[in-house]
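Trainee: Below is the file my_file12.cif, which contains mmCIF, C-alpha atoms and all ligand atoms.
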```cif
data_upload
loop_
_atom_site.label_atom_id
_atom_site.label_comp_id
_atom_site.auth_asym_id
_atom_site.auth_seq_id
_atom_site.Cartn_x
_atom_site.Cartn_y
_atom_site.Cartn_z
CA MET A 1321 -78.01 37.21 156.69
CA LYS A 1322 -75.39 39.97 156.98
CA GLU A 1323 -77.82 42.01 159.08
CA TYR A 1324 -77.28 39.58 161.96
CA GLU A 1325 -73.64 40.68 162.23
CA VAL A 1326 -74.68 43.57 164.42
CA TYR A 1327 -71.28 44.28 165.96
CA SER A 1328 -69.24 44.30 162.78
CA SER A 1329 -69.72 48.02 162.15
CA LEU A 1330 -68.59 49.00 165.65
CA LYS A 1331 -65.60 51.31 165.26
CA VAL A 1332 -63.25 53.35 167.43
CA PRO A 1333 -63.98 57.11 167.43
CA LYS A 1334 -62.61 58.80 164.29
CA ASN A 1335 -59.27 60.60 164.71
CA SER A 1336 -58.75 59.19 168.19
CA LYS A 1337 -55.54 57.47 169.16
CA ILE A 1338 -56.14 54.13 170.81
CA ILE A 1339 -54.37 51.81 173.19
CA MET A 1340 -54.90 48.08 173.00
CA ARG A 1341 -54.07 46.02 176.03
CA LEU A 1342 -53.59 42.27 175.83
CA ASP A 1343 -53.31 40.01 178.83
CA GLY A 1344 -52.31 36.34 178.96
CA ARG A 1345 -55.24 34.12 179.89
CA SER A 1346 -54.64 32.09 183.07
CA PHE A 1347 -50.89 32.59 182.82
CA HIS A 1348 -50.64 31.66 186.47
CA THR A 1349 -51.41 28.11 185.35
CA LEU A 1350 -49.26 28.40 182.23
CA ALA A 1351 -46.33 29.53 184.42
CA ARG A 1352 -46.83 26.47 186.61
CA ASP A 1353 -47.14 24.13 183.62
CA LEU A 1354 -43.97 25.51 182.00
CA GLU A 1355 -42.18 25.66 185.36
CA LEU A 1356 -41.27 29.30 184.87
CA ILE A 1357 -38.64 30.64 187.22
CA LYS A 1358 -40.01 32.69 190.13
CA PRO A 1359 -40.24 35.59 190.62
CA TYR A 1360 -38.88 36.51 187.15
CA ASP A 1361 -38.21 34.18 184.27
CA GLU A 1362 -35.85 35.93 181.88
CA ASN A 1363 -36.67 33.61 179.00
CA PHE A 1364 -40.38 34.36 179.38
CA TYR A 1365 -39.57 38.06 179.17
CA LYS A 1366 -37.44 37.47 176.07
CA VAL A 1367 -40.34 35.67 174.43
CA MET A 1368 -42.76 38.48 175.34
CA SER A 1369 -40.35 41.04 173.87
CA GLN A 1370 -40.16 39.04 170.63
CA VAL A 1371 -43.97 38.92 170.53
CA CYS A 1372 -43.94 42.73 170.87
CA ARG A 1373 -41.50 43.01 167.98
CA ASP A 1374 -43.77 40.84 165.80
CA LEU A 1375 -46.74 43.07 166.73
CA PHE A 1376 -44.67 46.14 165.91
CA GLU A 1377 -43.66 44.81 162.49
CA GLU A 1378 -47.16 43.70 161.59
CA PHE A 1379 -49.36 46.52 162.87
CA SER A 1380 -47.02 49.56 163.10
CA PRO A 1381 -47.98 50.98 166.49
CA LEU A 1382 -46.18 54.05 167.84
CA PHE A 1383 -45.13 52.37 171.04
CA VAL A 1384 -45.44 48.99 172.75
CA TYR A 1385 -45.00 48.33 176.45
CA THR A 1386 -44.88 44.99 178.23
CA PHE A 1387 -44.44 43.58 181.72
CA SER A 1388 -45.54 40.28 183.24
CA ASP A 1389 -48.12 38.73 180.85
CA GLU A 1390 -49.55 42.00 179.53
CA ILE A 1391 -48.83 44.11 176.45
CA SER A 1392 -50.05 47.64 175.68
CA LEU A 1393 -49.92 48.99 172.13
CA LEU A 1394 -50.39 52.65 171.28
CA PHE A 1395 -51.77 53.42 167.80
CA ASP A 1396 -52.21 56.70 166.00
CA LYS A 1397 -52.99 55.08 162.65
CA VAL A 1398 -55.54 52.51 163.76
CA PRO A 1399 -55.49 49.25 161.75
CA PHE A 1400 -58.61 47.69 160.18
CA ASP A 1401 -60.22 51.08 159.71
CA GLY A 1402 -60.85 51.07 163.47
CA ARG A 1403 -63.19 48.07 163.42
CA ILE A 1404 -63.34 46.78 167.01
CA GLU A 1405 -64.11 43.13 166.23
CA LYS A 1406 -61.20 42.94 163.78
CA LEU A 1407 -58.79 44.69 166.15
CA ASN A 1408 -59.58 42.51 169.13
CA SER A 1409 -59.76 39.20 167.33
CA VAL A 1410 -56.86 39.52 164.89
CA ILE A 1411 -54.42 41.18 167.28
CA ALA A 1412 -55.19 38.79 170.17
CA SER A 1413 -54.88 35.70 167.98
CA PHE A 1414 -51.71 37.03 166.30
CA THR A 1415 -50.24 37.59 169.78
CA ALA A 1416 -51.04 34.05 170.93
CA SER A 1417 -49.61 32.52 167.73
CA SER A 1418 -46.45 34.59 168.01
CA PHE A 1419 -46.10 33.55 171.66
CA VAL A 1420 -46.30 29.86 170.72
CA MET A 1421 -43.89 30.31 167.78
CA HIS A 1422 -41.25 31.92 169.97
CA TYR A 1423 -41.73 29.45 172.82
CA ASN A 1424 -40.07 26.31 171.68
CA ARG A 1425 -41.95 24.21 174.19
CA GLU A 1426 -44.86 21.81 174.44
CA PHE A 1427 -47.91 23.39 176.04
CA LYS A 1428 -50.51 21.55 178.08
CA LYS A 1429 -53.20 23.90 176.75
CA PRO A 1430 -53.30 26.40 173.86
CA PRO A 1431 -52.24 29.81 175.24
CA ALA A 1432 -54.62 32.71 174.67
CA PHE A 1433 -54.70 36.47 175.29
CA ASP A 1434 -57.66 38.68 176.00
CA SER A 1435 -57.72 42.07 174.37
CA ARG A 1436 -59.40 45.43 174.87
CA VAL A 1437 -59.54 48.68 172.93
CA ILE A 1438 -59.12 51.95 174.82
CA PRO A 1439 -59.68 55.27 173.01
CA ILE A 1440 -57.25 57.78 174.53
CA SER A 1441 -56.75 61.54 174.33
CA ASP A 1442 -53.22 62.88 173.84
CA ASP A 1443 -53.31 64.36 177.34
CA ASP A 1444 -53.79 60.95 178.93
CA ILE A 1445 -51.21 58.86 177.05
CA VAL A 1446 -48.37 59.45 179.50
CA LYS A 1447 -50.79 58.99 182.41
CA TYR A 1448 -51.85 55.62 181.02
CA PHE A 1449 -48.31 54.30 180.64
CA LYS A 1450 -47.30 55.62 184.07
CA TRP A 1451 -50.26 53.72 185.49
CA ARG A 1452 -49.11 50.46 183.90
CA GLN A 1453 -45.49 51.09 184.89
CA ASP A 1454 -46.56 51.67 188.51
CA GLU A 1455 -48.29 48.31 188.30
CA SER A 1456 -45.05 46.78 187.04
CA TRP A 1457 -43.28 48.09 190.15
CA VAL A 1458 -46.03 46.76 192.45
CA ASN A 1459 -45.66 43.41 190.70
CA CYS A 1460 -41.89 43.51 191.20
CA VAL A 1461 -42.11 44.20 194.94
CA ASN A 1462 -44.89 41.69 195.60
CA SER A 1463 -43.45 38.87 193.51
CA HIS A 1464 -40.05 39.20 195.19
CA GLY A 1465 -41.85 39.43 198.54
CA ILE A 1466 -43.89 36.26 198.06
CA SER A 1467 -40.85 34.37 196.73
CA TYR A 1468 -38.87 35.38 199.81
CA LEU A 1469 -41.69 34.45 202.22
CA LYS A 1470 -42.23 31.10 200.51
CA SER A 1471 -38.55 30.33 200.99
CA LYS A 1472 -39.06 30.80 204.77
CA TYR A 1473 -42.61 29.60 205.49
CA PRO A 1474 -45.13 27.08 204.16
CA ASN A 1475 -47.09 28.45 201.16
CA ASN A 1476 -50.32 29.17 203.07
CA VAL A 1477 -48.48 31.04 205.84
CA ALA A 1478 -46.52 33.06 203.25
CA ASN A 1479 -49.75 33.93 201.40
CA ASP A 1480 -51.45 35.05 204.63
CA LYS A 1481 -48.44 37.12 205.67
CA ILE A 1482 -48.21 39.05 202.39
CA LYS A 1483 -51.95 39.80 202.44
CA GLY A 1484 -51.51 41.79 205.65
CA MET A 1485 -48.64 43.90 204.27
CA ASN A 1486 -48.61 47.05 202.19
CA LEU A 1487 -46.03 47.78 199.50
CA SER A 1488 -43.55 49.57 201.76
CA ASP A 1489 -43.79 46.78 204.37
CA VAL A 1490 -42.80 44.24 201.71
CA HIS A 1491 -40.01 46.49 200.46
CA GLU A 1492 -38.74 46.89 204.02
CA LEU A 1493 -38.90 43.15 204.74
CA LEU A 1494 -36.86 42.41 201.61
CA PHE A 1495 -34.32 45.12 202.41
CA GLU A 1496 -33.86 43.87 205.98
CA ASN A 1497 -33.12 40.44 204.57
CA GLY A 1498 -30.49 41.59 202.13
CA ILE A 1499 -32.65 41.84 199.01
CA ASN A 1500 -32.24 45.37 197.66
CA LEU A 1501 -34.70 45.90 194.80
CA ASN A 1502 -32.65 48.87 193.60
CA ASN A 1503 -30.15 46.32 192.40
CA VAL A 1504 -32.50 44.11 190.36
CA GLU A 1505 -32.52 44.46 186.58
CA THR A 1506 -34.37 47.49 185.19
CA TYR A 1507 -36.87 45.44 183.16
CA LYS A 1508 -38.13 43.71 186.30
CA LYS A 1509 -38.93 47.07 187.89
CA ARG A 1510 -40.04 49.12 184.88
CA GLY A 1511 -41.02 46.68 182.12
CA ILE A 1512 -39.81 46.72 178.51
CA GLY A 1513 -40.51 49.33 175.81
CA ILE A 1514 -40.48 48.72 172.06
CA TYR A 1515 -40.30 51.68 169.69
CA ARG A 1516 -38.58 53.07 166.62
CA LYS A 1517 -35.19 54.60 167.07
CA ASN A 1518 -33.06 56.45 164.57
CA LYS A 1519 -29.70 54.97 163.73
CA LYS A 1520 -26.96 57.13 162.28
CA VAL A 1521 -25.72 55.76 158.97
CA VAL A 1522 -22.59 57.17 157.37
CA GLY A 1523 -22.42 56.55 153.64
CA PHE A 1524 -20.11 57.83 150.92
CA ASN A 1525 -21.53 60.31 148.44
CA LYS A 1526 -19.60 59.61 145.22
CA LYS A 1527 -20.91 62.66 143.39
CA GLU A 1528 -19.76 65.07 146.04
CA ASN A 1529 -16.81 62.86 147.02
CA LYS A 1530 -17.51 63.04 150.74
CA ASP A 1531 -19.13 61.17 153.63
CA GLN A 1532 -22.82 61.73 154.11
CA VAL A 1533 -24.80 61.19 157.29
CA SER A 1534 -28.35 59.90 157.13
CA TYR A 1535 -30.73 58.36 159.66
CA ARG A 1536 -32.54 55.08 159.35
CA SER A 1537 -35.10 53.96 161.88
CA HIS A 1538 -35.17 50.49 163.35
CA ILE A 1539 -37.29 48.73 165.94
CA PHE A 1540 -35.60 48.97 169.32
CA ILE A 1541 -36.30 46.73 172.30
CA ASP A 1542 -35.47 48.83 175.33
CA TRP A 1543 -34.61 46.76 178.41
CA GLU A 1544 -33.44 49.89 180.22
CA ILE A 1545 -36.43 52.21 179.93
CA PRO A 1546 -36.59 55.23 182.23
CA ILE A 1547 -39.35 55.90 184.72
CA PHE A 1548 -42.04 57.25 182.37
CA GLY A 1549 -42.53 61.00 182.14
CA ASP A 1550 -43.34 63.54 179.41
CA GLU A 1551 -39.74 63.66 178.22
CA PHE A 1552 -39.56 60.02 177.12
CA PHE A 1553 -42.77 60.31 175.10
CA LYS A 1554 -41.70 63.64 173.56
CA GLU A 1555 -38.44 62.09 172.41
CA MET A 1556 -40.38 59.32 170.67
CA ASP A 1557 -42.61 61.98 169.04
CA VAL A 1558 -45.66 60.43 170.69
CA ILE A 1559 -46.67 63.76 172.26
CA ASP A 1560 -45.77 67.40 171.40
N1 LIG A 1601 -43.03 32.20 187.45
C1 LIG A 1601 -43.33 33.29 186.74
N2 LIG A 1601 -44.64 33.60 186.53
C2 LIG A 1601 -44.93 34.72 185.82
C3 LIG A 1601 -43.93 35.56 185.27
N3 LIG A 1601 -44.53 36.58 184.63
C4 LIG A 1601 -45.87 36.39 184.77
N4 LIG A 1601 -46.12 35.27 185.50
C5 LIG A 1601 -47.43 34.71 185.87
O1 LIG A 1601 -48.44 35.38 185.15
C6 LIG A 1601 -49.47 35.85 186.03
C7 LIG A 1601 -50.05 37.12 185.45
O2 LIG A 1601 -51.01 37.69 186.27
P1 LIG A 1601 -52.56 37.73 185.92
O3 LIG A 1601 -52.76 38.15 184.49
O4 LIG A 1601 -53.23 38.55 186.96
O5 LIG A 1601 -52.97 36.21 186.13
P2 LIG A 1601 -53.74 35.20 185.14
O6 LIG A 1601 -55.18 35.58 185.18
O7 LIG A 1601 -53.47 33.83 185.69
O8 LIG A 1601 -53.15 35.38 183.76
C8 LIG A 1601 -48.75 36.04 187.36
O9 LIG A 1601 -49.63 35.89 188.46
C9 LIG A 1601 -47.71 34.93 187.36
O10 LIG A 1601 -48.29 33.74 187.86
C10 LIG A 1601 -42.55 35.20 185.49
O11 LIG A 1601 -41.58 35.86 185.06
N5 LIG A 1601 -42.32 34.05 186.24
MG MG A 1602 -53.08 37.18 182.75
#
```
Translate the structure of the given file into structure tokens.
Ligand SMILES: Nc1nc2c(ncn2[C@@H]2O[C@H](COP(=O)(O)OP(=O)(O)O)[C@@H](O)[C@H]2O)c(=O)[nH]1
Ligand SMILES: [Mg+2]

Mentor:
Amino acid sequence: MKEYEVYSSLKVPKNSKIIMRLDGRSFHTLARDLELIKPYDENFYKVMSQVCRDLFEEFSPLFVYTFSDEISLLFDKVPFDGRIEKLNSVIASFTASSFVMHYNREFKKPPAFDSRVIPISDDDIVKYFKWRQDESWVNCVNSHGISYLKSKYPNNVANDKIKGMNLSDVHELLFENGINLNNVETYKKRGIGIYRKNKKVVGFNKKENKDQVSYRSHIFIDWEIPIFGDEFFKEMDVID
């Protein structure tokens, strides 16, 4: 009967780095059910960052990036020998379980995440994360815009108004009404990064009778990430 399992041998290309992107399923409804704060619910973001830490500890990616209900993981050592079915099913279910464990709430429906595997060349890693971070900024402008409009107009009018506006129109409208997005927290504009960081540890070397400096890496949740560029990824040793 094993021969019926035709997809089980499907693997990512050998020696390729991969990105996996997970996205919350129908989180628009979940946000309504849980009465998440609009436009940004800090507790939701804290939970998502804890989920990213769990993923980091379990699967050892090089870098994890999250905003809204999505998570991107970059792998150089691909788990499960690169088997696509294993990657998508285990990592998506692990993510959903972690999300429920960290959310100390009753859900109306079991939360789920979809998942996709994206083989990526070294040259395109920074490009990929810039693309997602740009999306995070678009999300920031639009979600503040719709929240503002809904505070002034009925929902359907607000929805119609925002549809006819481009990003700079929304930015301008907010600015004119005293909402300066430059002043909102960094994570709302740029998302959150999770990666290993070296920590300086000073210990005492008894033999040589002097202090000794060593470095120990720990998982760091960065709520103040820069606008992505080559430098940030070089510093993390993701690219040369
Ligand atoms: N209120 C609130 N909702 C959020 C927040 N972050 C994400 N969401 C919701 O999650 C959705 C994510 O977008 P998308 O994946 O396209 O929608 P989905 O198909 O319903 O999961 C957004 O449309 C919001 O409704 C937040 O901080 N506050
Ligand atoms: Mg979603």

Trainee: So how many Å separate CA of Ala1416 (chain A) and CA of Ala1432 (chain A), to one decimal?

Mentor: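 That distance, rounded to one decimal, is 5.3 Å.
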
Trainee: For Glu1355 (chain A), list every protein, DNA or RNA residue within 12 Å, evaluated using only C-alpha atoms, and leave out those in the same chain fewer than 5 positions away; present the list as a tab-separated table (two decimals) with C-alpha atoms, in the frame of the given file.

Mentor:
```tsv
chain	number	residue	atom	x	y	z
A	1347	PHE	CA	-50.89	32.59	182.82
A	1348	HIS	CA	-50.64	31.66	186.47
A	1349	THR	CA	-51.41	28.11	185.35
A	1350	LEU	CA	-49.26	28.40	182.23
A	1360	TYR	CA	-38.88	36.51	187.15
A	1361	ASP	CA	-38.21	34.18	184.27
A	1363	ASN	CA	-36.67	33.61	179.00
A	1364	PHE	CA	-40.38	34.36	179.38
A	1425	ARG	CA	-41.95	24.21	174.19
A	1426	GLU	CA	-44.86	21.81	174.44
A	1427	PHE	CA	-47.91	23.39	176.04
A	1428	LYS	CA	-50.51	21.55	178.08
```

Trainee: Using CA of Ser1537 (chain A) and CA of Met1340 (chain A) as the two end points, give the distance in Å to one decimal.

Mentor: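 Separating CA of Ser1537 (chain A) from CA of Met1340 (chain A) is a distance of 23.5 Å.
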
Trainee: Choose the residue, out of A:Leu1356, A:Ile1541, A:Met1368, A:Ile1438, that has the smallest atom-to-atom separation from Ile1514 (chain A); count only C-alpha atoms.

Mentor: A:Ile1541

Trainee: Select from chain A every residue with an atom at most 12 Å from any atom of ligand LIG 1601 (chain A), then for each give the shortest pair of atoms and their distance in Å to one decimal, using all atoms listed in the file, rows by chain and rising number, as JSON lines.

Mentor:
```
{"residue": "A:Arg1341", "atom": "CA", "partner": "A:LIG1601", "partner_atom": "O3", "distance": 11.6}
{"residue": "A:Leu1342", "atom": "CA", "partner": "A:LIG1601", "partner_atom": "O3", "distance": 9.6}
{"residue": "A:Asp1343", "atom": "CA", "partner": "A:LIG1601", "partner_atom": "O3", "distance": 6.0}
{"residue": "A:Gly1344", "atom": "CA", "partner": "A:LIG1601", "partner_atom": "O8", "distance": 5.0}
{"residue": "A:Arg1345", "atom": "CA", "partner": "A:LIG1601", "partner_atom": "O8", "distance": 4.6}
{"residue": "A:Ser1346", "atom": "CA", "partner": "A:LIG1601", "partner_atom": "O7", "distance": 3.4}
{"residue": "A:Phe1347", "atom": "CA", "partner": "A:LIG1601", "partner_atom": "O8", "distance": 3.7}
{"residue": "A:His1348", "atom": "CA", "partner": "A:LIG1601", "partner_atom": "O10", "distance": 3.4}
{"residue": "A:Thr1349", "atom": "CA", "partner": "A:LIG1601", "partner_atom": "O7", "distance": 6.1}
{"residue": "A:Leu1350", "atom": "CA", "partner": "A:LIG1601", "partner_atom": "C5", "distance": 7.5}
{"residue": "A:Ala1351", "atom": "CA", "partner": "A:LIG1601", "partner_atom": "N2", "distance": 4.9}
{"residue": "A:Arg1352", "atom": "CA", "partner": "A:LIG1601", "partner_atom": "N1", "distance": 6.9}
{"residue": "A:Asp1353", "atom": "CA", "partner": "A:LIG1601", "partner_atom": "N1", "distance": 9.8}
{"residue": "A:Leu1354", "atom": "CA", "partner": "A:LIG1601", "partner_atom": "N1", "distance": 8.7}
{"residue": "A:Glu1355", "atom": "CA", "partner": "A:LIG1601", "partner_atom": "N1", "distance": 6.9}
{"residue": "A:Leu1356", "atom": "CA", "partner": "A:LIG1601", "partner_atom": "N1", "distance": 4.3}
{"residue": "A:Ile1357", "atom": "CA", "partner": "A:LIG1601", "partner_atom": "N1", "distance": 4.7}
{"residue": "A:Lys1358", "atom": "CA", "partner": "A:LIG1601", "partner_atom": "N1", "distance": 4.1}
{"residue": "A:Pro1359", "atom": "CA", "partner": "A:LIG1601", "partner_atom": "N5", "distance": 5.1}
{"residue": "A:Tyr1360", "atom": "CA", "partner": "A:LIG1601", "partner_atom": "O11", "distance": 3.5}
{"residue": "A:Asp1361", "atom": "CA", "partner": "A:LIG1601", "partner_atom": "O11", "distance": 3.8}
{"residue": "A:Glu1362", "atom": "CA", "partner": "A:LIG1601", "partner_atom": "O11", "distance": 6.6}
{"residue": "A:Asn1363", "atom": "CA", "partner": "A:LIG1601", "partner_atom": "O11", "distance": 8.1}
{"residue": "A:Phe1364", "atom": "CA", "partner": "A:LIG1601", "partner_atom": "O11", "distance": 6.0}
{"residue": "A:Tyr1365", "atom": "CA", "partner": "A:LIG1601", "partner_atom": "O11", "distance": 6.6}
{"residue": "A:Lys1366", "atom": "CA", "partner": "A:LIG1601", "partner_atom": "O11", "distance": 10.0}
{"residue": "A:Val1367", "atom": "CA", "partner": "A:LIG1601", "partner_atom": "O11", "distance": 10.7}
{"residue": "A:Met1368", "atom": "CA", "partner": "A:LIG1601", "partner_atom": "N3", "distance": 9.6}
{"residue": "A:Thr1386", "atom": "CA", "partner": "A:LIG1601", "partner_atom": "N3", "distance": 10.6}
{"residue": "A:Phe1387", "atom": "CA", "partner": "A:LIG1601", "partner_atom": "N3", "distance": 7.6}
{"residue": "A:Ser1388", "atom": "CA", "partner": "A:LIG1601", "partner_atom": "N3", "distance": 4.1}
{"residue": "A:Asp1389", "atom": "CA", "partner": "A:LIG1601", "partner_atom": "C4", "distance": 5.1}
{"residue": "A:Glu1390", "atom": "CA", "partner": "A:LIG1601", "partner_atom": "O3", "distance": 7.1}
{"residue": "A:Ile1391", "atom": "CA", "partner": "A:LIG1601", "partner_atom": "O3", "distance": 10.8}
{"residue": "A:Pro1431", "atom": "CA", "partner": "A:LIG1601", "partner_atom": "O8", "distance": 10.2}
{"residue": "A:Ala1432", "atom": "CA", "partner": "A:LIG1601", "partner_atom": "O8", "distance": 9.6}
{"residue": "A:Phe1433", "atom": "CA", "partner": "A:LIG1601", "partner_atom": "O8", "distance": 8.7}
{"residue": "A:Asp1434", "atom": "CA", "partner": "A:LIG1601", "partner_atom": "O8", "distance": 9.6}
{"residue": "A:Ser1435", "atom": "CA", "partner": "A:LIG1601", "partner_atom": "O3", "distance": 11.9}
{"residue": "A:Glu1455", "atom": "CA", "partner": "A:LIG1601", "partner_atom": "O4", "distance": 11.0}
{"residue": "A:Ser1456", "atom": "CA", "partner": "A:LIG1601", "partner_atom": "N3", "distance": 10.5}
{"residue": "A:Asn1459", "atom": "CA", "partner": "A:LIG1601", "partner_atom": "C8", "distance": 8.7}
{"residue": "A:Cys1460", "atom": "CA", "partner": "A:LIG1601", "partner_atom": "O11", "distance": 9.8}
{"residue": "A:Asn1462", "atom": "CA", "partner": "A:LIG1601", "partner_atom": "O9", "distance": 10.3}
{"residue": "A:Ser1463", "atom": "CA", "partner": "A:LIG1601", "partner_atom": "C9", "distance": 8.5}
{"residue": "A:His1464", "atom": "CA", "partner": "A:LIG1601", "partner_atom": "N5", "distance": 10.6}
{"residue": "A:Ile1466", "atom": "CA", "partner": "A:LIG1601", "partner_atom": "O9", "distance": 11.2}
{"residue": "A:Ser1467", "atom": "CA", "partner": "A:LIG1601", "partner_atom": "N1", "distance": 9.8}
{"residue": "A:Tyr1507", "atom": "CA", "partner": "A:LIG1601", "partner_atom": "O11", "distance": 10.8}
{"residue": "A:Lys1508", "atom": "CA", "partner": "A:LIG1601", "partner_atom": "O11", "distance": 8.7}
{"residue": "A:Lys1509", "atom": "CA", "partner": "A:LIG1601", "partner_atom": "O11", "distance": 11.9}
{"residue": "A:Gly1511", "atom": "CA", "partner": "A:LIG1601", "partner_atom": "N3", "distance": 11.0}
```

Trainee: Would you compute the distance between CA of Asp1454 (chain A) and CA of Ile1545 (chain A)? Give it in Å to one decimal.

Mentor: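 Straight-line distance from CA of Asp1454 (chain A) to CA of Ile1545 (chain A) works out to 13.3 Å.
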
Trainee: Determine, counting only C-alpha atoms, which protein, DNA and RNA residues have an atom within 12 Å of an atom of region 1324-1336 of chain A; residues of the same chain fewer than 4 positions away are not included. Present the result as a PyMOL selection string.

Mentor: chain A and resi 1340+1394-1409+1436-1445

Trainee: Can you tell me which residues surround Asn1500 (chain A) at a distance of at most 12 Å, considering all atoms listed in the file, apart from same-chain residues fewer than 5 positions away, and format the answer as a VMD selection string?

Mentor: chain A and resid 1460 to 1461 1464 to 1465 1490 to 1495 1505 1509

Trainee: Any chance you could export the current selection's C-alpha atoms as a PDB file, in the frame of the given file?

Mentor:
```pdb
ATOM      1  CA  CYS A1460     -41.890  43.510 191.200  1.00  0.00           C
ATOM      2  CA  VAL A1461     -42.110  44.200 194.940  1.00  0.00           C
ATOM      3  CA  HIS A1464     -40.050  39.200 195.190  1.00  0.00           C
ATOM      4  CA  GLY A1465     -41.850  39.430 198.540  1.00  0.00           C
ATOM      5  CA  VAL A1490     -42.800  44.240 201.710  1.00  0.00           C
ATOM      6  CA  HIS A1491     -40.010  46.490 200.460  1.00  0.00           C
ATOM      7  CA  GLU A1492     -38.740  46.890 204.020  1.00  0.00           C
ATOM      8  CA  LEU A1493     -38.900  43.150 204.740  1.00  0.00           C
ATOM      9  CA  LEU A1494     -36.860  42.410 201.610  1.00  0.00           C
ATOM     10  CA  PHE A1495     -34.320  45.120 202.410  1.00  0.00           C
ATOM     11  CA  GLU A1505     -32.520  44.460 186.580  1.00  0.00           C
ATOM     12  CA  LYS A1509     -38.930  47.070 187.890  1.00  0.00           C
TER      13      LYS A1509
END
```

Trainee: So that I can check the surroundings of Asp1557 (chain A), please list as a list of chain:residue names every protein, DNA and RNA residue that reaches within 12 Å of it, counting only C-alpha atoms and ignoring chain neighbours fewer than 3 positions away.

Mentor: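 Once the nearby chain positions are removed, what remains is A:Leu1382, A:Phe1383, A:Asp1396, A:Asp1442, A:Tyr1515, A:Arg1516, A:Lys1517, A:Asn1518, A:Asp1550, A:Glu1551, A:Phe1552, A:Phe1553, A:Lys1554, A:Asp1560.
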
Trainee: Rank A:Val1384, A:Ile1547, A:Val1477, A:Cys1372 by their smallest atom-to-atom distance to Gln1453 (chain A), using all atoms listed in the file, and report the top residue only.

Mentor: A:Ile1547

Trainee: Of the residues A:Tyr1535, A:Tyr1385, A:Phe1524, A:Phe1449, which is the one nearest to Arg1373 (chain A), using all atoms listed in the file?

Mentor: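 Distance minimum relative to Arg1373 (chain A) lands on A:Tyr1385.
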